[in-house]
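Engineer: Starting off with a structure, shown below.
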Amino acid sequence: MEKKKLNRVVLLRAMLVVCVAVFLVSGFMLIRDYIQTSRQQETFDQLSSRFALEAKEAAAGQDPEGQNGEEGQQEQKQRMSPQEWSRQWERLAQERFEVYRSMKAENPDMVGWIRIQGTAIDYPVMQTPDRVDFYLHRDFYKNKSSYGTPYMSEVCRYEEPRTSLMINGHHMRNGSMFAALQNYTEQEYFTEHPYVQFDTMEEAGSYEVAAVIKLSASGDQTIWQQLLFVK
């Protein structure tokens, strides 16, 4: 009887040790993820803050045409034709190229900047043709990061005449990175965010959202990649 009690006490203590270990490991992982998330967001915020012109406009609560607030910007976009919006962005983007060049001097892997007004999508875009998915879990400065940094597929050649560019980014649960793209399945969101800005180092780019296709990121990508990048 005494031996059974002793065995039970030992078992309970072992279970307690396991529970404490699991709790400590889980707590460590949560703290680590929180620190990584904070650092990654701080990195993106610091990069975005370099656009002095846009920061000044945001502080004044004005959009490029003098309307106030985000609501005014969205209403303006809905009224403007793709050609008008493209011309306006090209004019504004001229103020950004010097900043792009300074960023590329820090990291030559940068090939552009993607932005969708009225969303959290406002990030540098990287590319490493000889290293597949290099920025999937690395920040702008190549440090390990669960967020990663948006990057262009290795098969793309943005500097050459092209019809398709594929930019990869995580869908984060907190709504950051490319999470906002899932909202394009809603007609109202589609209407309110009709344009995507993607600038390269040499050229401002404004693209109208023409269609939305929702695919599984874990599925076979071969077929639709062949359709997009057929030679």
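Note on naming: chains are A, B, ... as they come in the structure tokens, residues start from 1 per chain, ligands start from 1 in the order shown.
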Tell me, counting only C-alpha atoms, for each residue of region 146-181 of chain A within 8 Å of region 123-128 of chain A, which pair of atoms is nearest and how far apart they are in Å to one decimal, in rows ordered by chain and increasing number, as CSV.
Structural biologist:
```
residue,atom,partner,partner_atom,distance
A:Thr149,CA,A:Val125,CA,7.0
A:Pro150,CA,A:Val125,CA,5.0
A:Tyr151,CA,A:Met126,CA,4.3
A:Met152,CA,A:Gln127,CA,5.2
A:Ser153,CA,A:Gln127,CA,6.9
A:Glu154,CA,A:Thr128,CA,6.3
A:Ile167,CA,A:Val125,CA,7.7
```
Engineer: Taking the DSSP secondary structure from the backbone, can you list the residues of region 68-197 of chain A that are helix (DSSP H, G or I), as a ChimeraX atom specification?
Structural biologist: /A:69-79,82-93,97-106,134-137,179-185,187-192
Engineer: How about saving the chosen residues, N, CA and C atoms kept, as a short mmCIF file (atom, residue, chain, number, x, y, z; two decimals), in the first residue's frame?
Structural biologist:
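Contents of part-v4.cif, freshly written:
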```cif
data_model
loop_
_atom_site.label_atom_id
_atom_site.label_comp_id
_atom_site.auth_asym_id
_atom_site.auth_seq_id
_atom_site.Cartn_x
_atom_site.Cartn_y
_atom_site.Cartn_z
N GLY A 69 -9.30 63.46 -44.87
CA GLY A 69 -9.57 62.17 -44.29
C GLY A 69 -9.61 61.03 -45.28
N GLU A 70 -9.59 59.81 -44.69
CA GLU A 70 -9.59 58.60 -45.50
C GLU A 70 -10.87 58.45 -46.29
N GLU A 71 -12.01 58.87 -45.71
CA GLU A 71 -13.28 58.75 -46.42
C GLU A 71 -13.25 59.55 -47.71
N GLY A 72 -12.69 60.77 -47.63
CA GLY A 72 -12.60 61.60 -48.82
C GLY A 72 -11.71 60.97 -49.87
N GLN A 73 -10.62 60.31 -49.43
CA GLN A 73 -9.73 59.66 -50.37
C GLN A 73 -10.44 58.52 -51.08
N GLN A 74 -11.22 57.73 -50.32
CA GLN A 74 -11.90 56.61 -50.94
C GLN A 74 -12.97 57.09 -51.92
N GLU A 75 -13.70 58.15 -51.56
CA GLU A 75 -14.71 58.69 -52.46
C GLU A 75 -14.06 59.22 -53.74
N GLN A 76 -12.88 59.84 -53.57
CA GLN A 76 -12.18 60.38 -54.73
C GLN A 76 -11.76 59.26 -55.68
N LYS A 77 -11.25 58.15 -55.12
CA LYS A 77 -10.83 57.05 -55.96
C LYS A 77 -11.98 56.46 -56.76
N GLN A 78 -13.16 56.40 -56.12
CA GLN A 78 -14.29 55.84 -56.82
C GLN A 78 -14.74 56.74 -57.97
N ARG A 79 -14.50 58.03 -57.87
CA ARG A 79 -14.91 58.95 -58.92
C ARG A 79 -13.89 58.98 -60.07
N PRO A 82 -9.27 54.98 -63.97
CA PRO A 82 -7.94 54.39 -63.76
C PRO A 82 -6.83 55.26 -64.33
N GLN A 83 -7.09 55.90 -65.47
CA GLN A 83 -6.07 56.75 -66.08
C GLN A 83 -5.77 57.97 -65.21
N GLU A 84 -6.84 58.57 -64.66
CA GLU A 84 -6.64 59.73 -63.80
C GLU A 84 -5.90 59.35 -62.53
N TRP A 85 -6.31 58.24 -61.93
CA TRP A 85 -5.65 57.80 -60.70
C TRP A 85 -4.19 57.48 -60.97
N SER A 86 -3.88 56.83 -62.10
CA SER A 86 -2.51 56.48 -62.45
C SER A 86 -1.66 57.73 -62.62
N ARG A 87 -2.20 58.75 -63.30
CA ARG A 87 -1.44 60.00 -63.49
C ARG A 87 -1.17 60.67 -62.15
N GLN A 88 -2.16 60.66 -61.28
CA GLN A 88 -1.98 61.29 -59.97
C GLN A 88 -0.91 60.56 -59.16
N TRP A 89 -0.95 59.21 -59.18
CA TRP A 89 0.03 58.46 -58.42
C TRP A 89 1.43 58.65 -58.99
N GLU A 90 1.55 58.69 -60.30
CA GLU A 90 2.86 58.90 -60.92
C GLU A 90 3.45 60.24 -60.48
N ARG A 91 2.59 61.25 -60.36
CA ARG A 91 3.07 62.56 -59.91
C ARG A 91 3.54 62.49 -58.46
N LEU A 92 2.76 61.85 -57.59
CA LEU A 92 3.13 61.75 -56.18
C LEU A 92 4.35 60.85 -55.97
N ALA A 93 4.44 59.81 -56.79
CA ALA A 93 5.52 58.84 -56.61
C ALA A 93 6.89 59.43 -56.89
N PHE A 97 10.98 58.29 -55.01
CA PHE A 97 12.08 57.54 -55.61
C PHE A 97 13.40 57.72 -54.88
N GLU A 98 13.64 58.90 -54.38
CA GLU A 98 14.88 59.11 -53.62
C GLU A 98 14.91 58.23 -52.38
N VAL A 99 13.75 58.08 -51.73
CA VAL A 99 13.66 57.20 -50.57
C VAL A 99 13.86 55.75 -50.98
N TYR A 100 13.25 55.36 -52.09
CA TYR A 100 13.45 53.99 -52.59
C TYR A 100 14.94 53.71 -52.79
N ARG A 101 15.63 54.67 -53.42
CA ARG A 101 17.06 54.46 -53.70
C ARG A 101 17.87 54.34 -52.41
N SER A 102 17.52 55.12 -51.40
CA SER A 102 18.25 55.03 -50.13
C SER A 102 18.01 53.68 -49.46
N MET A 103 16.79 53.15 -49.59
CA MET A 103 16.50 51.83 -49.02
C MET A 103 17.25 50.74 -49.77
N LYS A 104 17.30 50.86 -51.09
CA LYS A 104 18.01 49.85 -51.88
C LYS A 104 19.51 49.88 -51.58
N ALA A 105 20.02 51.04 -51.23
CA ALA A 105 21.43 51.12 -50.84
C ALA A 105 21.68 50.33 -49.56
N GLU A 106 20.67 50.27 -48.69
CA GLU A 106 20.79 49.50 -47.45
C GLU A 106 20.62 48.01 -47.71
N PHE A 134 13.50 33.36 -49.79
CA PHE A 134 14.45 33.83 -48.78
C PHE A 134 13.78 34.75 -47.76
N TYR A 135 12.86 35.61 -48.22
CA TYR A 135 12.23 36.58 -47.31
C TYR A 135 10.90 36.10 -46.74
N LEU A 136 10.63 34.81 -46.87
CA LEU A 136 9.41 34.26 -46.30
C LEU A 136 9.38 34.44 -44.79
N HIS A 137 10.54 34.30 -44.16
CA HIS A 137 10.65 34.46 -42.70
C HIS A 137 11.84 35.35 -42.34
N ALA A 179 -3.09 40.21 -45.18
CA ALA A 179 -4.38 39.71 -44.68
C ALA A 179 -5.56 40.45 -45.30
N ALA A 180 -5.38 41.75 -45.58
CA ALA A 180 -6.49 42.54 -46.12
C ALA A 180 -6.96 42.06 -47.48
N LEU A 181 -6.13 41.32 -48.19
CA LEU A 181 -6.51 40.88 -49.53
C LEU A 181 -7.73 39.97 -49.52
N GLN A 182 -7.95 39.24 -48.42
CA GLN A 182 -9.10 38.35 -48.37
C GLN A 182 -10.42 39.13 -48.41
N ASN A 183 -10.36 40.42 -48.09
CA ASN A 183 -11.58 41.23 -48.11
C ASN A 183 -12.06 41.53 -49.52
N TYR A 184 -11.22 41.26 -50.52
CA TYR A 184 -11.62 41.53 -51.90
C TYR A 184 -12.72 40.58 -52.38
N THR A 185 -13.05 39.58 -51.59
CA THR A 185 -14.18 38.74 -51.95
C THR A 185 -15.51 39.44 -51.69
N GLN A 187 -17.90 42.68 -52.36
CA GLN A 187 -18.07 43.66 -53.42
C GLN A 187 -17.79 45.08 -52.94
N GLU A 188 -18.26 45.43 -51.73
CA GLU A 188 -18.07 46.79 -51.22
C GLU A 188 -16.59 47.11 -51.05
N TYR A 189 -15.85 46.15 -50.50
CA TYR A 189 -14.41 46.35 -50.32
C TYR A 189 -13.72 46.48 -51.67
N PHE A 190 -14.12 45.64 -52.60
CA PHE A 190 -13.58 45.67 -53.96
C PHE A 190 -13.78 47.05 -54.58
N THR A 191 -14.97 47.63 -54.37
CA THR A 191 -15.28 48.94 -54.93
C THR A 191 -14.49 50.05 -54.25
N GLU A 192 -14.28 49.92 -52.94
CA GLU A 192 -13.60 50.98 -52.18
C GLU A 192 -12.09 50.96 -52.35
#
```
Engineer: Identify which of the residues A:Val196, A:Trp113, A:Ser81, A:Pro108 lies closest to Phe51 (chain A), counting only C-alpha atoms when measuring atom-to-atom distances.
Structural biologist: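 Closest to Phe51 (chain A), using only C-alpha atoms: A:Trp113.
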